[in-house]
Amino acid sequence: MAGQTQQLSESVVIRSLRRFRDRYFPNSGKVVKGSLTPVVDAVGEPQPGSLDSLPVDVQFLIMTLLSPADICILGATSRYWRAMVRDPILWRYFLHRDMLNWPSIDHVSMPQLELLDAPLINEDESLDDREEWSDKGMESKVDYMSEYLKGCPSCRQQWLPSRPTYEVVTSFLQSLVPSSEPRYAMLGPGMEQLDVSLVTRLLRAPDVLPVSGTPHRQINGIGSGISYMFNNQHKFNILTLYSTNRAEREKARLQQQSNSNKLFTFEGTDDSGYPIYSPAPQVQQVCQVVDGFIYVANAEPERGDGESEAAQIRAVLSCAEGSATRPLLVLACVSRGESEEVRITRLQTSTSRNKARCRTPCVNIAKRLGLPQLANPWMVQDTVAESLSGLLEGVSWLLRCSGVKLYGS
């Protein structure tokens with residue numbers, strides 16, 4: 001069934017592109033063989049050149065093999081390609097195809113998922129009826145191209161503005177000045193339900209995040225947390241909040257059941273039927289002193305209680321003063337990652353690109369936890385407990401949001 005959906009989507013895109021091409025080159029049958037430049041007939045109508053003369057399905061295949069940045073560069077080569085690569089149906093197809101494989105998403109780059117559930121625009125409203133040279137014609141009811149480019153991780157990194165030299169020097173000098181150690185509260189079912197413990201691996205991975213000590217600042221019923229060193233320069237502290245004692249957690253994990261969560265008290269439901277929780281007193285005390293939150297979500301397939309988790313996240317954020325400015329890092333965690341060979345094979349096989357996944361995609365985790373509705377800055381990062389892959393990217397984002405100047409970034 002997935003393969004049929006993929007094939008139907010491709011046929012819709014190709015049909016849209018073909019209709020536009022037929023309109024742009026109404027006399028395309030008059031192509032001069034061997035010509036490397038577009039031909040203009042007696043009445044001034046453009047004629048396709050060598051690349052333009054390829055069948056539309058071949059042109060589409062070429063675009064599917066290019067990176068988003070390369071597609072934009074292709075659009076700068078001619079007026080024809082400038083209009084062709086802006087087809088909204090094309091970028092809606094790319095969104096459906098790629099966003100489930102993005103390793104991270106945040107409050108700035110999150111696509112508007114409701115746009116993907118909307119009915120396909122009428123083909124007559126696509127590139128088919130747009131005059132490429134008309135600014136009005138370049139407008140679209142939904143700018144899927146912008147949605148894709150703002151969300152794609154490679155585009156986010158590639159098109160970030162470079163930092164002036166003086167800012168790099170300033171960051172280096174600031175790194176030499178001792179600063180306060182940011183503290184973060186870490187909680188969530190991903191710490192307790194996985195076969196591989198993220199917390200245990202973190203303590204035993206000095207090559208990833210060396211442990212730099214245990215502070216003397218104590219919180220009743222919680223302790224002082226553990227301090228780590230990021231990039232051999234910046235210390236930060238993590239206070240781990242478990243839902244219950246170790247024996248109960250291990251029993252629930254082996255039986256794949258949800259254990260009673262002593263961090264929250266269930267207060268009932270609101271008018272819409274969503275659960276309401278209040279944090280335990282010790283959790284409220286933690287929320288008053290930390291600089292941000294790390295929520296470890298269970299990203300293994302068909303795991304997680306979205307409504308309860310979303311309600312508990314809102315309860316934690318709302319009980320802290322000035323909570324709207326405190327960042328929330330969500331680690332979408334699985335026990336073990338797929339091998340590189342399996343991942344490459346899955347990405348290269350169109351029929352299995354978005355099935356047989358070993359994890360829940362970041363965009364689905366964000367939707368499940370209700371993150372787009374939060375006022376706080378947030379990020380979801382794919383993480384593997386066994387290898388700790390993805391963890392440093394998440395910690396880097398968290399420190400930046402807390403005002404830490406990272407040298408060399």
# chains A, B, ... in the order shown; residues from 1 in each chain; ligands from 1
call {"tool": "residues_around", "arguments": {"residues": "Met145 in chain A", "least_positions_apart": "5", "cutoff": "8 Å", "atoms": "only C-alpha atoms", "output": "list in words"}}
result
Arg86, Pro88, Trp91 and Arg92 of chain A
call {"tool": "residues_around", "arguments": {"residues": "Ser243 in chain A", "least_positions_apart": "3", "cutoff": "6 Å", "atoms": "only C-alpha atoms", "output": "PyMOL selection string"}}
result
chain A and resi 261-263
call {"tool": "write_last_selection", "arguments": {"atoms": "N, CA and C atoms", "output": "JSON list (two decimals), in the first residue's frame"}}
result
[["chain", "number", "residue", "atom", "x", "y", "z"],
["A", 261, "ASN", "N", 3.45, 7.09, 38.42],
["A", 261, "ASN", "CA", 4.38, 8.20, 38.35],
["A", 261, "ASN", "C", 4.21, 9.07, 39.60],
["A", 262, "LYS", "N", 5.22, 9.04, 40.46],
["A", 262, "LYS", "CA", 5.16, 9.79, 41.71],
["A", 262, "LYS", "C", 5.64, 11.23, 41.55],
["A", 263, "LEU", "N", 6.01, 11.60, 40.34],
["A", 263, "LEU", "CA", 6.42, 12.99, 40.12],
["A", 263, "LEU", "C", 5.22, 13.91, 39.93]]
call {"tool": "residues_around", "arguments": {"residues": "range 98-110 of chain A", "least_positions_apart": "2", "cutoff": "9 Å", "atoms": "only C-alpha atoms", "output": "ChimeraX atom specification"}}
result
/A:93-96,112-113,147-153,156,347,353-354,360-364,366,371-372,374,376-383,390,394
call {"tool": "write_last_selection", "arguments": {"atoms": "N, CA, C and O atoms", "output": "short mmCIF file (atom, residue, chain, number, x, y, z; two decimals), in the first residue's frame"}}
result
data_model
loop_
_atom_site.label_atom_id
_atom_site.label_comp_id
_atom_site.auth_asym_id
_atom_site.auth_seq_id
_atom_site.Cartn_x
_atom_site.Cartn_y
_atom_site.Cartn_z
N TYR A 93 5.42 17.04 -2.20
CA TYR A 93 5.93 15.67 -2.34
C TYR A 93 7.23 15.49 -1.56
O TYR A 93 7.41 14.49 -0.85
N PHE A 94 8.16 16.46 -1.68
CA PHE A 94 9.42 16.36 -0.95
C PHE A 94 9.19 16.35 0.56
O PHE A 94 9.87 15.63 1.30
N LEU A 95 8.25 17.16 1.04
CA LEU A 95 7.95 17.18 2.47
C LEU A 95 7.46 15.81 2.95
O LEU A 95 7.94 15.28 3.95
N HIS A 96 6.50 15.24 2.22
CA HIS A 96 6.00 13.92 2.58
C HIS A 96 7.12 12.88 2.55
O HIS A 96 7.19 11.99 3.41
N GLN A 112 4.23 23.14 9.22
CA GLN A 112 2.82 23.17 9.57
C GLN A 112 2.18 21.88 9.04
O GLN A 112 1.79 21.80 7.87
N LEU A 113 2.06 20.90 9.90
CA LEU A 113 1.61 19.58 9.46
C LEU A 113 0.19 19.60 8.93
O LEU A 113 -0.18 18.77 8.10
N GLU A 147 8.26 25.92 3.56
CA GLU A 147 8.08 24.99 4.67
C GLU A 147 9.18 23.94 4.68
O GLU A 147 9.71 23.57 5.73
N TYR A 148 9.53 23.46 3.49
CA TYR A 148 10.58 22.44 3.40
C TYR A 148 11.93 23.03 3.78
O TYR A 148 12.67 22.46 4.59
N LEU A 149 12.27 24.16 3.19
CA LEU A 149 13.61 24.71 3.37
C LEU A 149 13.85 25.16 4.81
O LEU A 149 14.98 25.09 5.31
N LYS A 150 12.82 25.62 5.50
CA LYS A 150 13.02 26.04 6.89
C LYS A 150 13.14 24.84 7.83
O LYS A 150 13.73 24.95 8.90
N GLY A 151 12.59 23.69 7.41
CA GLY A 151 12.63 22.52 8.28
C GLY A 151 13.76 21.57 8.02
O GLY A 151 14.22 20.87 8.94
N CYS A 152 14.26 21.49 6.80
CA CYS A 152 15.31 20.54 6.46
C CYS A 152 16.60 20.84 7.23
O CYS A 152 17.12 21.95 7.13
N PRO A 153 17.14 19.90 8.01
CA PRO A 153 18.34 20.17 8.82
C PRO A 153 19.54 20.62 7.99
O PRO A 153 20.27 21.52 8.41
N ARG A 156 19.08 24.25 7.21
CA ARG A 156 19.26 25.09 8.39
C ARG A 156 20.73 25.35 8.64
O ARG A 156 21.15 26.47 8.95
N LEU A 347 16.80 4.26 2.84
CA LEU A 347 16.63 5.57 2.23
C LEU A 347 16.67 5.50 0.71
O LEU A 347 16.04 6.29 0.03
N ARG A 353 11.13 3.67 2.23
CA ARG A 353 11.71 4.87 2.81
C ARG A 353 11.04 5.23 4.12
O ARG A 353 11.69 5.63 5.07
N ASN A 354 9.72 5.16 4.16
CA ASN A 354 9.00 5.58 5.35
C ASN A 354 8.25 4.43 6.02
O ASN A 354 7.25 4.63 6.69
N THR A 360 10.18 6.48 16.08
CA THR A 360 9.14 7.44 15.74
C THR A 360 9.82 8.73 15.28
O THR A 360 10.71 9.23 15.95
N PRO A 361 9.43 9.29 14.13
CA PRO A 361 10.10 10.49 13.61
C PRO A 361 9.96 11.68 14.56
O PRO A 361 9.01 11.78 15.33
N CYS A 362 10.93 12.60 14.45
CA CYS A 362 10.94 13.79 15.30
C CYS A 362 9.66 14.61 15.16
O CYS A 362 9.12 15.09 16.15
N VAL A 363 9.21 14.79 13.91
CA VAL A 363 8.02 15.62 13.72
C VAL A 363 6.80 14.98 14.37
O VAL A 363 5.93 15.70 14.89
N ASN A 364 6.74 13.66 14.40
CA ASN A 364 5.62 12.99 15.06
C ASN A 364 5.74 13.08 16.58
O ASN A 364 4.73 13.20 17.29
N ALA A 366 7.12 15.61 18.17
CA ALA A 366 6.73 16.99 18.49
C ALA A 366 5.21 17.14 18.50
O ALA A 366 4.65 17.79 19.39
N LEU A 371 4.18 20.06 21.32
CA LEU A 371 5.22 21.09 21.42
C LEU A 371 4.91 22.35 20.62
O LEU A 371 5.24 23.46 21.07
N PRO A 372 4.30 22.27 19.43
CA PRO A 372 4.03 23.51 18.69
C PRO A 372 3.13 24.48 19.45
O PRO A 372 3.11 25.68 19.13
N LEU A 374 3.47 25.21 22.64
CA LEU A 374 4.20 25.78 23.78
C LEU A 374 4.78 27.14 23.43
O LEU A 374 5.13 27.42 22.28
N ASN A 376 7.52 28.13 25.02
CA ASN A 376 8.96 27.94 25.24
C ASN A 376 9.69 27.57 23.96
O ASN A 376 9.12 26.93 23.08
N PRO A 377 10.96 27.96 23.86
CA PRO A 377 11.77 27.39 22.78
C PRO A 377 11.98 25.90 23.03
O PRO A 377 12.21 25.48 24.16
N TRP A 378 11.87 25.10 21.97
CA TRP A 378 11.99 23.66 22.13
C TRP A 378 12.70 23.05 20.93
O TRP A 378 12.76 23.63 19.86
N MET A 379 13.23 21.86 21.15
CA MET A 379 13.89 21.12 20.07
C MET A 379 13.69 19.63 20.33
O MET A 379 13.73 19.17 21.48
N VAL A 380 13.45 18.87 19.27
CA VAL A 380 13.41 17.41 19.34
C VAL A 380 14.62 16.88 18.58
O VAL A 380 14.85 17.26 17.43
N GLN A 381 15.40 16.03 19.23
CA GLN A 381 16.62 15.51 18.64
C GLN A 381 16.62 13.98 18.71
O GLN A 381 16.44 13.40 19.77
N ASP A 382 16.81 13.33 17.56
CA ASP A 382 16.97 11.87 17.55
C ASP A 382 18.19 11.48 18.37
O ASP A 382 19.28 12.05 18.20
N THR A 383 18.03 10.51 19.26
CA THR A 383 19.11 10.07 20.13
C THR A 383 19.08 8.56 20.25
O THR A 383 18.00 7.95 20.28
N GLY A 390 23.56 11.85 18.59
CA GLY A 390 22.57 12.91 18.63
C GLY A 390 22.56 13.70 19.93
O GLY A 390 22.01 14.79 19.98
N GLY A 394 21.94 17.97 20.69
CA GLY A 394 20.89 18.49 21.56
C GLY A 394 21.43 19.34 22.69
O GLY A 394 20.88 20.41 23.00
#
call {"tool": "residues_around", "arguments": {"residues": "range 270-273 of chain A", "least_positions_apart": "2", "cutoff": "12 Å", "atoms": "only C-alpha atoms", "output": "list in words"}}
result
Phe266, Glu267, Gly268, Pro275, Ile276, Tyr277, Glu307, Ser308 and Ala311 of chain A
call {"tool": "residues_around", "arguments": {"residues": "Asp57 in chain A", "least_positions_apart": "2", "cutoff": "10 Å", "atoms": "only C-alpha atoms", "output": "list in words"}}
result
Glu10, Ser11, Val13, Ile14, Arg15, Leu17, Arg18, Leu54, Pro55, Gln59, Phe60, Leu61, Ile62 and Met63 of chain A
